[in-house]
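Student: If you scroll down you'll find the structure; I have some questions about it.
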Amino acid sequence: MSAKGFWGRMPLMLSFHIVTLFPEFFDSPLACGLTARAREKGVVAFSLHDPRAYSPDRHRHVDDRPYGGGPGMVMQAAPVAAALRDIPERGRILLMSPGGRPFTQKTARELAFEKDITLICGRYEGIDARLQQIFPVEPVCVGEAVLNGGETAALAVMEAVARLLPGFMGKEESGEEESVSDGLLEYPHYTRPDVLEGLPVPPVLCSGDHARIAEWRREQSLLTTLRMRPALLADARLTAQDARKLASVLREKAGRNLSFCLVHHPVRIEGKKAGTSSLTNLDIHDIARISASYEMGPFHVVTPLEDQLRLLRDIVRHWVDGPGTAGHPDRARALSLVSPAASIEEAVAAIKARTGFRPLVLASSAQWPKGKNAPAPLVPSDVRRMLAAGPVMLCLGTALGLSDDAVRLCDGQLRPLRFLSYNHLSVRSAAAILADRILGDLD
C-alpha cells in the first residue's frame with residue numbers, strides 16, 4: 001500500500017483510554033515531545049481511568065488473594081469492569097500482559113486505523129481471568145522482560161501506534177522509514193562532525209550519490225539485522241540481491257557442530273522387540289542433502305551388518321568417486337558427508353577423533369520419555385545452545401524408532417516434533433524439520 005493510501009484510511013483523531021491504578025505515571029510522558037504536540041493539534045487524545053474510583057471498599061482496595069493459593073495478590077475484575085463500562089467508546093481493548101500475543105510493528109499498523117483504543121494496565125500477579133470472559137479483551141505483550149505493571153508497556157504501544165498517524169511526525173515518511181515494518185532493523189546514522197575522535201563518517205554518505213547511499217543503507221540494514229536479530233530475516237521481504245549479500249557474509253556456522261546419526265540398530269521393529277532394519281537409499285540421499293544444505297558435520301549411518309556397510313560404501317563411492325559424480329556435483333558433495341559406522345559408540349568415537357571432544361548424544365523420537373518422573377524433553381532451542389559449547393550428535397531411529405537400549409546410550413531426548421495431532425513422519429522428513437528448527441536458514 002502506498003503511504004498516501006495508508007494514511008488516507010486513518011481516523012482524523014485516535015483516542016487512547018488508559019485503565020490504570022497510577023494515572024500520575026502518564027503525566028510527564030504524555031506532556032512532552034511529539035506526543036504533546038500531537039495532542040495540541042488534535043491528532044491524538046488520552047483519557048485516564050483509575051479502577052480504585054470504582055472500588056466498593058472504603059479503603060479503595062482493588063486486589064485480593066488468589067484462589068488456589070500461591071504468592072502475591074490478584075487484581076479484582078469488578079473495579080476494572082466498572083471502569084471499562086464508564087468509557088463511552090472503548091474500541092479495541094488491549095490488556096498489557098506477559099501472556100499476550102507479541103506486539104509488533106504489524107500490530108501497530110493495524111491499530112493505527114482504529115478510532116478508539118482502550119489499554120488495561122495490569123498490576124500484582126495479574127487480573128482475574130473472568131474479565132476476559134466479560135469483555136472482548138486482547139492480551140498483548142511488548143517483550144519478555146518482567147515489569148512492575150502494564151503502564152510502561154502501554155506507553156510503548158501508544159507511541160508505536162501514534163507515530164504512524166498523519167501529522168504526528170515532523171515528516172510523514174519518518175514513521176514508516178524508522179520502523180521495522182519491512183522486517184529489517186535500521187541502518188546506522190551519522191551527523192557532524194565529519195571526523196569524531198579519529199572516526200570518519202562512511203565516505204558514501206558524503207558522496208551525494210543517492211543511489212549508492214540507498215544501496216549502502218539497505219546493506220547496513222541487512223547486516224545489522226543478521227548480527228543483532230537474525231530471526232527477523234525469516235519474515236523479512238528480501239530480494240535476490242539481499243540474499244546474495246547475506247550469503248556473502250562470513251560468520252560462525254552453528255551447523256558445523258551438529259551431526260545426524262541414522263540408526264539401523266538397535267531399533268524397534270515389532271512392538272517392544274528390538275532388532276536391525278535395512279538401509280534405505282532415499283534416507284541416505286535425502287539426509288545427506290539436508291546435512292549439506294545446513295552445513296552440518298558428517299552424517300553417520302549405523303548398521304552392524306557387514307553386507308549393509310558394503311552396500312553403503314558402494315552407494316557413496318558411486319556418487320562421490322564413480323560415474324554418479326559426473327553432472328551431479330551437488331549430490332557428490334552431499335554424499336561425501338556420509339560416514340559408515342557399526343554402532344552408535346563407533347559414531348561417537350569418530351566425532352571425538354575429528355573434533356577432540358566427545359559429542360553430546362541426543363535421541364529424536366516420536367515417543368515421550370518413559371517413566372513418571374522422567375525429565376521434560378529437550379526442545380530445538382536447547383540444542384542450539386548446546387552447539388555453542390561443542391559437538392552434538394542427533395540420533396534418528398529407522399523402522400519404528402530407537403530402541404530403549406539406544407535411547408539409554410543418549411545424554412538426552414528431544415520432544416516429539418508433532419504431539420498435538422498426527423505423528424508419524426518419515427525419518428528423512430523428521431531430519432529436515434529438526435535441522436530447520438535447530439539451525440534455521442541463518443545460523
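Numbering starts fresh at 1 for the residues of each chain in the C-alpha cells, the chains themselves are lettered A, B, ... in the order given, and ligands are numbered from 1 as they appear.
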Tell me, as a CSV table (one decimal) with N, CA and C atoms, in the first residue's frame, which residues lie within 12 Å of A:Leu311, counting only C-alpha atoms; anything in the same chain fewer than 3 positions away does not count.
Tutor:
chain,number,residue,atom,x,y,z
A,278,SER,N,16.9,-52.5,7.5
A,278,SER,CA,17.7,-52.4,6.3
A,278,SER,C,17.9,-50.9,5.9
A,279,LEU,N,19.1,-50.7,5.2
A,279,LEU,CA,19.3,-49.4,4.7
A,279,LEU,C,18.3,-49.0,3.6
A,280,THR,N,17.9,-47.7,3.5
A,280,THR,CA,17.0,-47.2,2.5
A,280,THR,C,17.8,-46.1,1.7
A,281,ASN,N,17.9,-46.3,0.4
A,281,ASN,CA,18.6,-45.4,-0.4
A,281,ASN,C,18.1,-44.0,-0.3
A,284,ILE,N,19.4,-42.2,2.9
A,284,ILE,CA,20.8,-41.9,2.8
A,284,ILE,C,20.9,-40.6,2.0
A,301,VAL,N,25.9,-43.1,9.5
A,301,VAL,CA,24.9,-44.1,9.3
A,301,VAL,C,25.4,-45.4,10.0
A,303,THR,N,24.9,-49.3,11.1
A,303,THR,CA,24.4,-50.7,10.9
A,303,THR,C,25.5,-51.7,11.3
A,305,LEU,N,25.6,-54.8,10.3
A,305,LEU,CA,25.6,-55.8,9.2
A,305,LEU,C,26.7,-55.5,8.2
A,306,GLU,N,27.6,-56.4,8.0
A,306,GLU,CA,28.7,-56.1,7.1
A,306,GLU,C,28.2,-55.9,5.6
A,307,ASP,N,27.2,-56.7,5.2
A,307,ASP,CA,26.7,-56.6,3.8
A,307,ASP,C,26.1,-55.2,3.6
A,308,GLN,N,25.4,-54.7,4.7
A,308,GLN,CA,24.8,-53.4,4.6
A,308,GLN,C,25.9,-52.3,4.6
A,314,ASP,N,29.4,-48.7,-1.2
A,314,ASP,CA,29.3,-48.7,-2.7
A,314,ASP,C,28.4,-47.5,-3.2
A,315,ILE,N,27.3,-47.2,-2.4
A,315,ILE,CA,26.5,-46.1,-2.8
A,315,ILE,C,27.3,-44.8,-2.8
A,316,VAL,N,28.0,-44.6,-1.7
A,316,VAL,CA,28.8,-43.4,-1.5
A,316,VAL,C,29.9,-43.3,-2.6
A,317,ARG,N,30.6,-44.4,-2.9
A,317,ARG,CA,31.6,-44.5,-3.9
A,317,ARG,C,31.1,-44.1,-5.3
A,318,HIS,N,29.9,-44.6,-5.6
A,318,HIS,CA,29.3,-44.3,-6.9
A,318,HIS,C,29.1,-42.8,-7.1
A,340,PRO,N,30.1,-44.2,7.5
A,340,PRO,CA,29.5,-45.5,7.9
A,340,PRO,C,30.1,-45.8,9.4
Student: Tell me which protein, DNA and RNA residues are within 8 Å of stretch 350-360 of chain A, counting only C-alpha atoms, leaving out same-chain ones fewer than 4 positions away, and put them as a list in words.
Tutor: Glu346, Gly390, Pro391, Val392, Met393, Cys410 and Asp411 of chain A
Student: Per DSSP on the backbone, what are the helix (DSSP H, G or I) residues of stretch 204-344 of chain A, as a ChimeraX atom specification?
Tutor: /A:204-206,210-228,230-234,240-247,254-257,281-293,306-320,323-325,329-335,344
Student: Let's have the selection written as a short mmCIF file (atom, residue, chain, number, x, y, z; two decimals), in the first residue's frame, with C-alpha atoms.
Tutor:
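Contents of out_11.cif, freshly written:
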data_model
loop_
_atom_site.label_atom_id
_atom_site.label_comp_id
_atom_site.auth_asym_id
_atom_site.auth_seq_id
_atom_site.Cartn_x
_atom_site.Cartn_y
_atom_site.Cartn_z
CA VAL A 204 29.49 7.03 0.63
CA LEU A 205 27.22 9.19 2.81
CA CYS A 206 29.14 12.29 1.74
CA HIS A 210 21.65 8.95 -3.71
CA ALA A 211 21.51 5.56 -5.43
CA ARG A 212 24.75 4.44 -3.76
CA ILE A 213 23.58 5.83 -0.43
CA ALA A 214 20.30 3.90 -0.68
CA GLU A 215 22.23 0.72 -1.57
CA TRP A 216 24.62 1.23 1.36
CA ARG A 217 21.76 1.78 3.79
CA ARG A 218 19.98 -1.35 2.60
CA GLU A 219 23.16 -3.39 3.04
CA GLN A 220 23.71 -1.99 6.52
CA SER A 221 20.12 -2.81 7.50
CA LEU A 222 20.66 -6.38 6.32
CA LEU A 223 23.96 -6.74 8.16
CA THR A 224 22.64 -5.17 11.37
CA THR A 225 19.61 -7.47 11.35
CA LEU A 226 21.78 -10.52 10.67
CA ARG A 227 24.11 -9.61 13.54
CA MET A 228 21.60 -8.46 16.14
CA PRO A 230 18.66 -12.81 12.66
CA ALA A 231 15.25 -14.32 13.45
CA LEU A 232 13.63 -11.25 11.86
CA LEU A 233 15.00 -12.24 8.46
CA ALA A 234 12.70 -15.27 8.32
CA ALA A 240 17.63 -11.94 -4.61
CA GLN A 241 20.28 -9.23 -4.21
CA ASP A 242 19.61 -9.12 -0.45
CA ALA A 243 20.02 -12.90 -0.25
CA ARG A 244 23.34 -12.77 -2.12
CA LYS A 245 24.60 -10.10 0.26
CA LEU A 246 23.64 -12.13 3.32
CA ALA A 247 25.19 -15.29 1.88
CA ALA A 254 26.40 -23.45 14.29
CA GLY A 255 25.66 -26.37 11.97
CA ARG A 256 29.29 -27.50 11.88
CA ASN A 257 28.87 -28.86 15.43
CA ASN A 281 18.61 -45.40 -0.42
CA LEU A 282 16.21 -42.46 -0.13
CA ASP A 283 17.06 -41.95 3.55
CA ILE A 284 20.78 -41.85 2.84
CA HIS A 285 20.48 -39.44 -0.08
CA ASP A 286 17.94 -37.09 1.49
CA ILE A 287 19.53 -36.82 4.93
CA ALA A 288 22.94 -36.30 3.33
CA ARG A 289 21.47 -33.47 1.26
CA ILE A 290 19.86 -31.99 4.37
CA SER A 291 23.22 -32.13 6.18
CA ALA A 292 24.94 -30.38 3.28
CA SER A 293 22.22 -27.74 2.94
CA GLU A 306 28.72 -56.08 7.08
CA ASP A 307 26.74 -56.55 3.84
CA GLN A 308 24.80 -53.35 4.60
CA LEU A 309 28.03 -51.46 5.33
CA ARG A 310 29.43 -52.67 1.99
CA LEU A 311 26.25 -51.52 0.23
CA LEU A 312 26.52 -48.13 1.93
CA ARG A 313 30.15 -47.71 0.87
CA ASP A 314 29.25 -48.71 -2.71
CA ILE A 315 26.48 -46.09 -2.82
CA VAL A 316 28.82 -43.38 -1.53
CA ARG A 317 31.62 -44.46 -3.90
CA HIS A 318 29.28 -44.35 -6.91
CA TRP A 319 28.26 -40.75 -6.25
CA VAL A 320 31.50 -39.35 -4.85
CA PRO A 323 30.05 -42.46 -12.56
CA GLY A 324 27.42 -40.66 -10.46
CA THR A 325 29.67 -37.68 -9.82
CA PRO A 329 28.48 -32.25 -8.19
CA ASP A 330 25.90 -31.20 -5.61
CA ARG A 331 24.92 -34.83 -4.96
CA ALA A 332 28.60 -35.77 -4.69
CA ARG A 333 29.18 -33.02 -2.13
CA ALA A 334 26.25 -34.22 -0.04
CA LEU A 335 27.16 -37.93 -0.17
CA ILE A 344 26.38 -45.64 17.92
#
Student: Write out as a PyMOL selection string which residues come within 9 Å of stretch 264-272 of chain A when counting only C-alpha atoms, dropping same-chain ones fewer than 6 positions away.
Tutor: chain A and resi 278-279+301-304+342-344+396-406
Student: Go ahead and write the selection's residues with C-alpha atoms as a compact mmCIF listing (two decimals), in the first residue's frame.
Tutor:
# COMPACT_ATOMS: atom_id res chain seq x y z
CA SER A 278 17.74 -52.38 6.32
CA LEU A 279 19.32 -49.37 4.66
CA VAL A 301 24.93 -44.15 9.26
CA VAL A 302 24.90 -47.00 11.78
CA THR A 303 24.39 -50.68 10.94
CA PRO A 304 26.22 -53.71 12.38
CA ALA A 342 28.93 -50.32 13.03
CA SER A 343 27.45 -48.85 16.22
CA ILE A 344 26.38 -45.64 17.92
CA LEU A 396 17.40 -40.70 14.25
CA GLY A 397 15.75 -44.11 14.52
CA THR A 398 14.65 -46.10 11.48
CA ALA A 399 11.88 -48.75 11.45
CA LEU A 400 9.61 -47.95 14.45
CA GLY A 401 12.19 -45.74 16.14
CA LEU A 402 15.13 -46.06 18.50
CA SER A 403 15.00 -49.00 20.91
CA ASP A 404 15.13 -48.47 24.66
CA ASP A 405 18.77 -49.61 24.63
CA ALA A 406 19.61 -46.96 22.01
Student: Can you work out which one of A:Lys115, A:Arg85, A:Arg109, A:Arg229 has the shortest atom-to-atom distance to A:Ile134, counting only C-alpha atoms?
Tutor: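 Between A:Lys115, A:Arg85, A:Arg109, A:Arg229, the residue approaching A:Ile134 most closely is A:Arg85.
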Student: Using only C-alpha atoms, which protein or nucleic acid residues come within 9 Å of stretch 413-422 of chain A? Drop anything in the same chain fewer than 2 positions from it, and give the result as a list in words.
Tutor: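 Residues near the query, excluding close chain neighbours: Val361, Leu362, Ala363, Ser364, Ser365, Ala366, Gln367, Trp368, Pro369, Ala376, Pro377, Leu378, Val379, Pro380, Val383, Val407, Cys410, Asp411, His424, Leu425, Ala430, Ile433 and Leu434 of chain A.
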Student: Under the rule that only C-alpha atoms are counted, which of A:Ile87, A:Leu184, A:Met296, A:Ala145 is the nearest residue to A:Leu337?
Tutor: A:Met296
Student: If DSSP is run on the backbone, what residues of stretch 231-417 of chain A are strand (DSSP E or B)? A reply as number ranges by chain would be ideal.
Tutor: A: 258-263, 267-270, 273-275, 299-302, 338-341, 360-364, 378, 392-397, 402, 412-414
Student: Quick one: residues within 12 Å of stretch 15-17 of chain A, only C-alpha atoms counted, chain neighbours fewer than 4 positions away excluded, as a PyMOL selection string?
Tutor: chain A and resi 11+23+26+30+38-39+42-50+83-95+111-121+154-155+157-159+161-162+165
Student: For A:Asp63, work out the shell of residues within 6 Å, counting only C-alpha atoms and skipping chain neighbours fewer than 2 positions away, then give it as a ChimeraX atom specification.
Tutor: /A:61,74-76
